[in-house]
Amino acid sequence: MPRRPSAPRSRLLAVVYLISLAVLLILGGGLAILASAHVSSAALGASAAADRALGEGLLAELGPLAVEATPDRAERDRMRGVLERAVDDVGLLGLAVVAPDGRLRASAGAIDGRVSLPPDVGAGQPAAKLITGEDATRLYEWFPVSLDGRTVAVLQVVRDGTGAVATAAAAQRDIALAAAGGSTVLIIVLFVIFRGAERRLDRQTAQLLESTRRDPLTGHLTHGAVVAELTASLDAGAQPVSVALLDVDNFRQLNDTHGHDLGDSVIRRVASILDADRPGSAAIGRSGPDEFLVTCAGTDAQSLATWLEEARRRLASDGVDTASGEELPLTVSAGIAVAPLHGRTATELLSSAAMSLGEAQSGGGDQVLISRLPYAELVQTRRASFSILDGLVNAIDARDRYTRHHSEDVARYALFLARQLDFDDTMTSALHQAALLHDVGKIAVPDDVLRKPGALTSDEMEVIKQHVVLGAVLVRDLADADLVVDGVRHHHERWDGTGYPDGLEAERIPLIARVLSVADTFSAMTTTRPYRRALSPAIGLQRLAEAAGSQLEPRLVDVFILAMESQAEAPVPSDARPPSVWLSEGTAA
């Protein structure tokens, strides 16, 4: 089978996932950097707090005047001694008292001759800075000394910065590891969430795409989807490829009369039967309100016909139960075509199948037909065979499929009775034409009257009675027109004179019309209609006998019943034996 269309993967989710991942990495890196900076600042702050206490003690020992004024040699020596003791006691690298302009007043340890002070120190703010040299890393701290709101000196402390750097580096490493671990967990969580969302979205998209390919009532493919399957099979070079169009007979009347709920039930029933024992390669689609399209790759037409014939028999045996408890017949018709015989494209195959379906329905329905001719010959034959008689028959068939089926039965029974009566060729030919066209006047009857599945009102009956008059007008240009007109106009006259349109009685009714009346009555009783099942031939003959002397000529009824019961070649209702011939040659004028 051809591949089903798959749902496209969601690019939007992938983009959102990548953006979220990038934001997460940037955020994690930024937090790690900020945390490291805060840790370094905190370490420096702790060291500065300890050295501030040291500085306050030194200032108390040195005295404010020594700090503020420029000391003499003796005072500088005293101050240097104090600073050196502090350097040795605390383990500093250097201490210095610096004037606001950067000149040294007193120093001990590793102190340059002139100190560059940070700008903030000049504004009275302490400062600290790690400076990495070629041989070591040092921590410089500056503590402004204020007197009367003025910065009179700056105490500079120099420490070994290796410990502070190591502490900050260790803190940064731990923070980086924690940030990386947390980011990894979040990345995994995001991946799981987005992956799950993507799969769910893919499933929902696939379900949405599939729902557009499915008929909601039956669950079968839509017309477009099954045609796509057919096209894909043909493009793949599969042979043979069989296609069938199946139509529910009289569905419109059933749906209009008994409601859409029963109509839907019928469609679901047909779909269920088609699903049973379907060929493995069969694709089934609902192509219309009461039509199904079936395509089978690698299956020949006869195999497809066998399966559809079994489905047709099952449907015919089941029937449909109405709300009133009445059981109605359920029949279907199907037309089959196969590639490459009946067409090489989907359009040609569907056209051939549609023609076969139309032929099956024209024969009264309830049958499965395989196209008999290649597509090109079929089209040519259909065009060439059109005649006056065909046009009249097709006109009424387009209005009511039952009529063509019924008319063919009437022709069969009428010709059978004509043989018993030894009619000549002229009478037989006219009888054949009149039988086929006896209801052609129904083309003027409104649909709601023609297809009404119940008893007609008196007004509706008056409309129906006019069909024989119009029919007589329509057939007057055929061969043997006078005889054909008599048959069409008077086949509803009754032996007792109560018929229509002229109320003729007994032998005043033309013989051709009396024969048609017998054939017409028997066919009407033994043909399935949308509102009732057909009577069996035996019961039909019994009812025919009961109508002798009132509706029908007794002599003709006796001859017909005797021949039907005694002769092996007697015709049977076409429900049981579909006709093989529709029009004979030379019937048109």
# chains A, B, ... in the order shown; residues from 1 in each chain; ligands from 1
$ residues_around --residues "stretch 157-165 of chain A" --least-positions-apart "3" --cutoff "9 Å" --atoms "only C-alpha atoms" --output "short mmCIF file (atom, residue, chain, number, x, y, z; two decimals) with all heavy atoms, in the first residue's frame"
data_model
loop_
_atom_site.label_atom_id
_atom_site.label_comp_id
_atom_site.auth_asym_id
_atom_site.auth_seq_id
_atom_site.Cartn_x
_atom_site.Cartn_y
_atom_site.Cartn_z
N SER A 40 34.97 36.81 45.91
CA SER A 40 36.26 37.51 45.97
C SER A 40 36.12 38.80 46.77
O SER A 40 36.98 39.14 47.61
CB SER A 40 36.73 37.84 44.55
OG SER A 40 36.94 36.64 43.84
N ALA A 43 35.89 37.99 50.39
CA ALA A 43 37.19 37.63 50.98
C ALA A 43 38.03 38.86 51.24
O ALA A 43 38.67 39.00 52.31
CB ALA A 43 37.92 36.67 50.03
N LEU A 44 38.05 39.78 50.29
CA LEU A 44 38.79 41.03 50.47
C LEU A 44 38.20 41.85 51.61
O LEU A 44 38.92 42.49 52.38
CB LEU A 44 38.78 41.84 49.17
CG LEU A 44 39.52 41.21 47.98
CD1 LEU A 44 39.38 42.10 46.75
CD2 LEU A 44 40.99 40.98 48.31
N SER A 47 39.30 40.47 54.96
CA SER A 47 40.69 40.83 55.24
C SER A 47 40.80 42.31 55.62
O SER A 47 41.51 42.69 56.55
CB SER A 47 41.56 40.53 54.02
OG SER A 47 42.89 40.94 54.24
N ASP A 51 42.27 44.20 59.04
CA ASP A 51 43.35 45.16 58.96
C ASP A 51 42.91 46.54 59.44
O ASP A 51 43.74 47.35 59.87
CB ASP A 51 43.88 45.24 57.53
CG ASP A 51 44.63 43.97 57.14
OD1 ASP A 51 45.07 43.24 58.05
OD2 ASP A 51 44.76 43.70 55.92
N GLY A 55 44.86 48.85 61.91
CA GLY A 55 45.21 50.24 61.64
C GLY A 55 44.77 51.17 62.74
O GLY A 55 45.48 52.13 63.09
N GLY A 91 52.68 39.56 60.50
CA GLY A 91 53.14 38.82 59.32
C GLY A 91 52.76 39.50 58.03
O GLY A 91 52.38 38.83 57.07
N LEU A 92 52.89 40.84 58.03
CA LEU A 92 52.57 41.60 56.82
C LEU A 92 53.79 41.73 55.94
O LEU A 92 54.94 41.55 56.39
CB LEU A 92 52.07 42.99 57.21
CG LEU A 92 50.82 43.04 58.11
CD1 LEU A 92 50.51 44.48 58.48
CD2 LEU A 92 49.63 42.38 57.42
N LEU A 93 53.55 42.09 54.69
CA LEU A 93 54.66 42.38 53.79
C LEU A 93 55.11 43.83 53.92
O LEU A 93 56.28 44.14 53.64
CB LEU A 93 54.24 42.10 52.34
CG LEU A 93 53.95 40.65 51.98
CD1 LEU A 93 53.57 40.53 50.50
CD2 LEU A 93 55.16 39.76 52.27
N GLY A 94 54.19 44.69 54.31
CA GLY A 94 54.58 46.09 54.47
C GLY A 94 53.48 46.90 55.08
O GLY A 94 52.29 46.55 55.03
N LEU A 95 53.87 48.05 55.72
CA LEU A 95 52.95 49.02 56.29
C LEU A 95 53.50 50.39 55.97
O LEU A 95 54.73 50.61 55.95
CB LEU A 95 52.84 48.86 57.80
CG LEU A 95 51.78 47.90 58.35
CD1 LEU A 95 51.94 47.73 59.84
CD2 LEU A 95 50.39 48.39 58.01
N ALA A 96 52.64 51.36 55.78
CA ALA A 96 53.11 52.71 55.49
C ALA A 96 52.06 53.71 55.88
O ALA A 96 50.85 53.41 55.82
CB ALA A 96 53.46 52.85 54.01
N GLY A 109 58.87 47.41 55.70
CA GLY A 109 58.66 46.30 54.78
C GLY A 109 58.70 46.73 53.34
O GLY A 109 59.32 47.73 52.98
N ALA A 110 57.99 45.99 52.48
CA ALA A 110 58.05 46.19 51.03
C ALA A 110 57.13 47.33 50.62
O ALA A 110 55.97 47.12 50.27
CB ALA A 110 57.65 44.90 50.31
N ILE A 111 57.66 48.58 50.73
CA ILE A 111 56.91 49.77 50.36
C ILE A 111 57.77 50.60 49.43
O ILE A 111 58.95 50.84 49.68
CB ILE A 111 56.52 50.59 51.61
CG1 ILE A 111 55.64 49.75 52.54
CG2 ILE A 111 55.82 51.88 51.20
CD1 ILE A 111 54.32 49.39 51.98
N LEU A 130 43.94 43.35 44.60
CA LEU A 130 44.91 42.28 44.40
C LEU A 130 45.74 42.62 43.17
O LEU A 130 45.20 42.87 42.09
CB LEU A 130 44.22 40.93 44.19
CG LEU A 130 43.75 40.19 45.44
CD1 LEU A 130 42.86 39.01 45.04
CD2 LEU A 130 44.93 39.69 46.28
N ILE A 131 47.04 42.63 43.31
CA ILE A 131 47.94 42.93 42.20
C ILE A 131 48.88 41.76 42.03
O ILE A 131 49.59 41.39 42.97
CB ILE A 131 48.73 44.23 42.45
CG1 ILE A 131 47.76 45.42 42.61
CG2 ILE A 131 49.73 44.50 41.32
CD1 ILE A 131 48.43 46.73 42.92
N THR A 132 48.87 41.21 40.84
CA THR A 132 49.71 40.05 40.54
C THR A 132 50.95 40.51 39.79
O THR A 132 50.84 41.12 38.72
CB THR A 132 48.94 39.02 39.69
OG1 THR A 132 47.78 38.61 40.42
CG2 THR A 132 49.81 37.80 39.42
N ALA A 136 54.91 37.23 42.54
CA ALA A 136 53.95 37.01 43.63
C ALA A 136 52.70 37.83 43.39
O ALA A 136 52.65 38.73 42.55
CB ALA A 136 54.58 37.37 44.98
N THR A 137 51.68 37.51 44.16
CA THR A 137 50.42 38.25 44.15
C THR A 137 50.26 38.92 45.50
O THR A 137 50.39 38.27 46.55
CB THR A 137 49.22 37.32 43.91
OG1 THR A 137 49.38 36.70 42.64
CG2 THR A 137 47.92 38.09 43.93
N ARG A 138 50.06 40.22 45.52
CA ARG A 138 49.97 40.98 46.76
C ARG A 138 48.58 41.62 46.89
O ARG A 138 47.98 42.00 45.89
CB ARG A 138 51.04 42.07 46.82
CG ARG A 138 52.45 41.49 46.89
CD ARG A 138 53.47 42.59 46.94
NE ARG A 138 54.84 42.04 47.03
CZ ARG A 138 55.94 42.76 47.12
NH1 ARG A 138 55.83 44.10 47.10
NH2 ARG A 138 57.12 42.19 47.20
N LEU A 139 48.17 41.75 48.16
CA LEU A 139 46.90 42.38 48.48
C LEU A 139 47.20 43.74 49.09
O LEU A 139 47.83 43.83 50.15
CB LEU A 139 46.10 41.52 49.46
CG LEU A 139 44.81 42.15 50.02
CD1 LEU A 139 43.82 42.47 48.89
CD2 LEU A 139 44.16 41.21 51.05
N TYR A 140 46.77 44.79 48.42
CA TYR A 140 46.98 46.16 48.89
C TYR A 140 45.68 46.68 49.48
O TYR A 140 44.62 46.56 48.86
CB TYR A 140 47.42 47.06 47.74
CG TYR A 140 48.83 46.79 47.26
CD1 TYR A 140 49.08 45.79 46.34
CD2 TYR A 140 49.91 47.55 47.74
CE1 TYR A 140 50.37 45.54 45.89
CE2 TYR A 140 51.21 47.31 47.29
CZ TYR A 140 51.43 46.30 46.36
OH TYR A 140 52.72 46.05 45.94
N GLU A 141 45.79 47.30 50.66
CA GLU A 141 44.62 47.88 51.33
C GLU A 141 44.98 49.30 51.75
O GLU A 141 46.07 49.56 52.24
CB GLU A 141 44.23 47.06 52.56
CG GLU A 141 43.86 45.63 52.23
CD GLU A 141 43.68 44.76 53.48
OE1 GLU A 141 44.34 45.05 54.50
OE2 GLU A 141 42.89 43.81 53.41
N TRP A 142 44.05 50.21 51.55
CA TRP A 142 44.24 51.62 51.92
C TRP A 142 43.10 52.06 52.84
O TRP A 142 41.93 51.89 52.51
CB TRP A 142 44.25 52.49 50.67
CG TRP A 142 45.41 52.20 49.75
CD1 TRP A 142 46.65 52.73 49.79
CD2 TRP A 142 45.38 51.34 48.62
NE1 TRP A 142 47.44 52.26 48.79
CE2 TRP A 142 46.67 51.38 48.03
CE3 TRP A 142 44.43 50.50 48.05
CZ2 TRP A 142 47.04 50.64 46.92
CZ3 TRP A 142 44.79 49.79 46.93
CH2 TRP A 142 46.08 49.84 46.36
N PHE A 143 43.48 52.65 53.99
CA PHE A 143 42.49 53.11 54.97
C PHE A 143 42.72 54.60 55.20
O PHE A 143 43.74 55.02 55.80
CB PHE A 143 42.63 52.37 56.30
CG PHE A 143 42.44 50.88 56.15
CD1 PHE A 143 43.55 50.03 56.06
CD2 PHE A 143 41.18 50.33 56.11
CE1 PHE A 143 43.40 48.68 55.94
CE2 PHE A 143 41.02 48.96 55.99
CZ PHE A 143 42.12 48.13 55.88
N ALA A 168 39.60 32.52 46.67
CA ALA A 168 38.65 32.95 45.65
C ALA A 168 38.55 31.93 44.52
O ALA A 168 37.46 31.62 44.01
CB ALA A 168 39.05 34.32 45.10
N ALA A 169 39.72 31.38 44.11
CA ALA A 169 39.72 30.39 43.03
C ALA A 169 38.95 29.13 43.44
O ALA A 169 38.20 28.55 42.63
CB ALA A 169 41.15 30.04 42.65
N ALA A 170 39.15 28.70 44.68
CA ALA A 170 38.43 27.52 45.15
C ALA A 170 36.93 27.78 45.18
O ALA A 170 36.11 26.92 44.78
CB ALA A 170 38.94 27.12 46.54
#
$ residues_around --residues "A:Asp101" --least-positions-apart "3" --cutoff "12 Å" --atoms "only C-alpha atoms" --output "list of chain:residue names"
A:Val97, A:Val98, A:Leu104, A:Arg105, A:Arg114, A:Val115, A:Ser116, A:Leu117, A:Pro118, A:Pro119, A:Val121, A:Gly122, A:Thr151, A:Val152, A:Ala153, A:Val154
$ residues_around --residues "stretch 501-509 of chain A" --least-positions-apart "6" --cutoff "7 Å" --atoms "only C-alpha atoms" --output "list in words"
Lys465, His490, Glu493, Arg494 and Trp495 of chain A
$ residues_around --residues "A:Gly288" --least-positions-apart "2" --cutoff "9 Å" --atoms "only C-alpha atoms" --output "list of chain:residue names"
A:Thr222, A:His223, A:Asp247, A:Arg286, A:Asp290, A:Glu291, A:Phe292, A:Leu293
$ residues_around --residues "A:Thr322" --least-positions-apart "6" --cutoff "10 Å" --atoms "only C-alpha atoms" --output "JSON, numbers by chain"
{"A": [254, 258, 259, 262, 328]}
$ atom_distance --atom1 "atom CA of A:Pro571" --atom2 "atom CA of A:Asp409"
8.6 Å
$ select_by_dssp --residues "stretch 228-311 of chain A" --states "strand (DSSP E or B)" --output "PyMOL selection string"
chain A and resi 241-248+282-286+291-297
$ write_last_selection --atoms "C-alpha atoms" --output "tab-separated table (two decimals), in the first residue's frame"
chain	number	residue	atom	x	y	z
A	241	VAL	CA	-5.26	-2.20	-10.00
A	242	SER	CA	-9.01	-2.68	-9.61
A	243	VAL	CA	-11.45	0.05	-8.69
A	244	ALA	CA	-15.15	-0.15	-7.84
A	245	LEU	CA	-17.90	2.42	-7.32
A	246	LEU	CA	-20.69	1.16	-5.06
A	247	ASP	CA	-24.01	2.96	-4.63
A	248	VAL	CA	-26.91	2.30	-2.23
A	282	ALA	CA	-8.33	-2.80	-0.42
A	283	ALA	CA	-8.68	0.89	0.37
A	284	ILE	CA	-12.30	1.89	1.01
A	285	GLY	CA	-13.54	5.47	0.87
A	286	ARG	CA	-16.88	7.20	1.12
A	291	GLU	CA	-21.49	6.04	-2.60
A	292	PHE	CA	-18.31	4.14	-1.72
A	293	LEU	CA	-15.10	3.96	-3.74
A	294	VAL	CA	-12.91	0.86	-3.42
A	295	THR	CA	-9.44	0.42	-4.88
A	296	CYS	CA	-7.33	-2.74	-4.71
A	297	ALA	CA	-3.70	-2.85	-5.85
$ select_by_dssp --residues "stretch 214-343 of chain A" --states "helix (DSSP H, G or I)" --output "JSON, numbers by chain"
{"A": [223, 224, 225, 226, 227, 228, 229, 230, 231, 232, 233, 234, 235, 251, 252, 253, 254, 255, 256, 257, 258, 260, 261, 262, 263, 264, 265, 266, 267, 268, 269, 270, 271, 272, 273, 274, 275, 301, 302, 303, 304, 305, 306, 307, 308, 309, 310, 311, 312, 313, 314, 315, 316, 317, 318]}
$ residues_around --residues "A:Met427" --least-positions-apart "4" --cutoff "9 Å" --atoms "only C-alpha atoms" --output "compact mmCIF listing (two decimals) with all heavy atoms, in the first residue's frame"
# COMPACT_ATOMS: atom_id res chain seq x y z
N ALA A 418 -46.65 -12.88 -25.88
CA ALA A 418 -46.87 -12.74 -27.33
C ALA A 418 -46.54 -14.03 -28.07
O ALA A 418 -47.23 -14.40 -29.03
CB ALA A 418 -46.01 -11.58 -27.86
N PHE A 423 -48.19 -13.88 -32.00
CA PHE A 423 -48.21 -12.56 -32.62
C PHE A 423 -47.24 -12.55 -33.80
O PHE A 423 -46.19 -13.21 -33.78
CB PHE A 423 -47.79 -11.49 -31.61
CG PHE A 423 -48.87 -11.09 -30.64
CD1 PHE A 423 -50.13 -11.67 -30.71
CD2 PHE A 423 -48.64 -10.12 -29.66
CE1 PHE A 423 -51.13 -11.30 -29.82
CE2 PHE A 423 -49.63 -9.74 -28.79
CZ PHE A 423 -50.88 -10.33 -28.86
N LEU A 431 -44.93 -4.33 -29.63
CA LEU A 431 -45.12 -4.68 -28.22
C LEU A 431 -43.83 -4.48 -27.44
O LEU A 431 -43.84 -3.98 -26.29
CB LEU A 431 -45.61 -6.13 -28.11
CG LEU A 431 -45.86 -6.66 -26.70
CD1 LEU A 431 -46.97 -5.87 -26.01
CD2 LEU A 431 -46.22 -8.14 -26.75
N HIS A 432 -42.70 -4.86 -28.06
CA HIS A 432 -41.41 -4.70 -27.40
C HIS A 432 -41.12 -3.23 -27.11
O HIS A 432 -40.76 -2.84 -25.98
CB HIS A 432 -40.31 -5.28 -28.29
CG HIS A 432 -38.95 -5.28 -27.65
ND1 HIS A 432 -37.79 -5.39 -28.38
CD2 HIS A 432 -38.58 -5.17 -26.35
CE1 HIS A 432 -36.76 -5.37 -27.54
NE2 HIS A 432 -37.21 -5.24 -26.31
N ASP A 480 -43.94 1.65 -36.35
CA ASP A 480 -45.23 1.09 -35.92
C ASP A 480 -45.86 1.99 -34.86
O ASP A 480 -46.36 1.52 -33.83
CB ASP A 480 -45.06 -0.33 -35.39
CG ASP A 480 -44.40 -1.25 -36.40
OD1 ASP A 480 -44.83 -1.24 -37.57
OD2 ASP A 480 -43.45 -1.96 -36.02
N LEU A 483 -49.51 1.35 -33.19
CA LEU A 483 -49.57 0.27 -32.20
C LEU A 483 -48.87 0.66 -30.91
O LEU A 483 -49.36 0.40 -29.80
CB LEU A 483 -48.95 -1.00 -32.79
CG LEU A 483 -49.76 -1.74 -33.85
CD1 LEU A 483 -48.93 -2.87 -34.46
CD2 LEU A 483 -51.05 -2.30 -33.24
N ILE A 512 -52.81 -4.78 -27.74
CA ILE A 512 -51.44 -4.55 -27.28
C ILE A 512 -51.42 -4.00 -25.86
O ILE A 512 -50.55 -4.33 -25.05
CB ILE A 512 -50.68 -3.62 -28.26
CG1 ILE A 512 -49.18 -3.57 -27.91
CG2 ILE A 512 -51.29 -2.22 -28.26
CD1 ILE A 512 -48.37 -2.81 -28.95
$ closest_residue --among "A:Ala60, A:Arg533, A:Pro216, A:Ala180" --to "A:Glu327" --atoms "only C-alpha atoms"
A:Arg533
$ closest_residue --among "A:Asp424, A:Phe416, A:Asp496, A:Asn250" --to "A:Gly365" --atoms "only C-alpha atoms"
A:Asn250
$ closest_residue --among "A:Asp459, A:Glu310, A:Asp520, A:Asp318" --to "A:Val488" --atoms "only C-alpha atoms"
A:Asp520
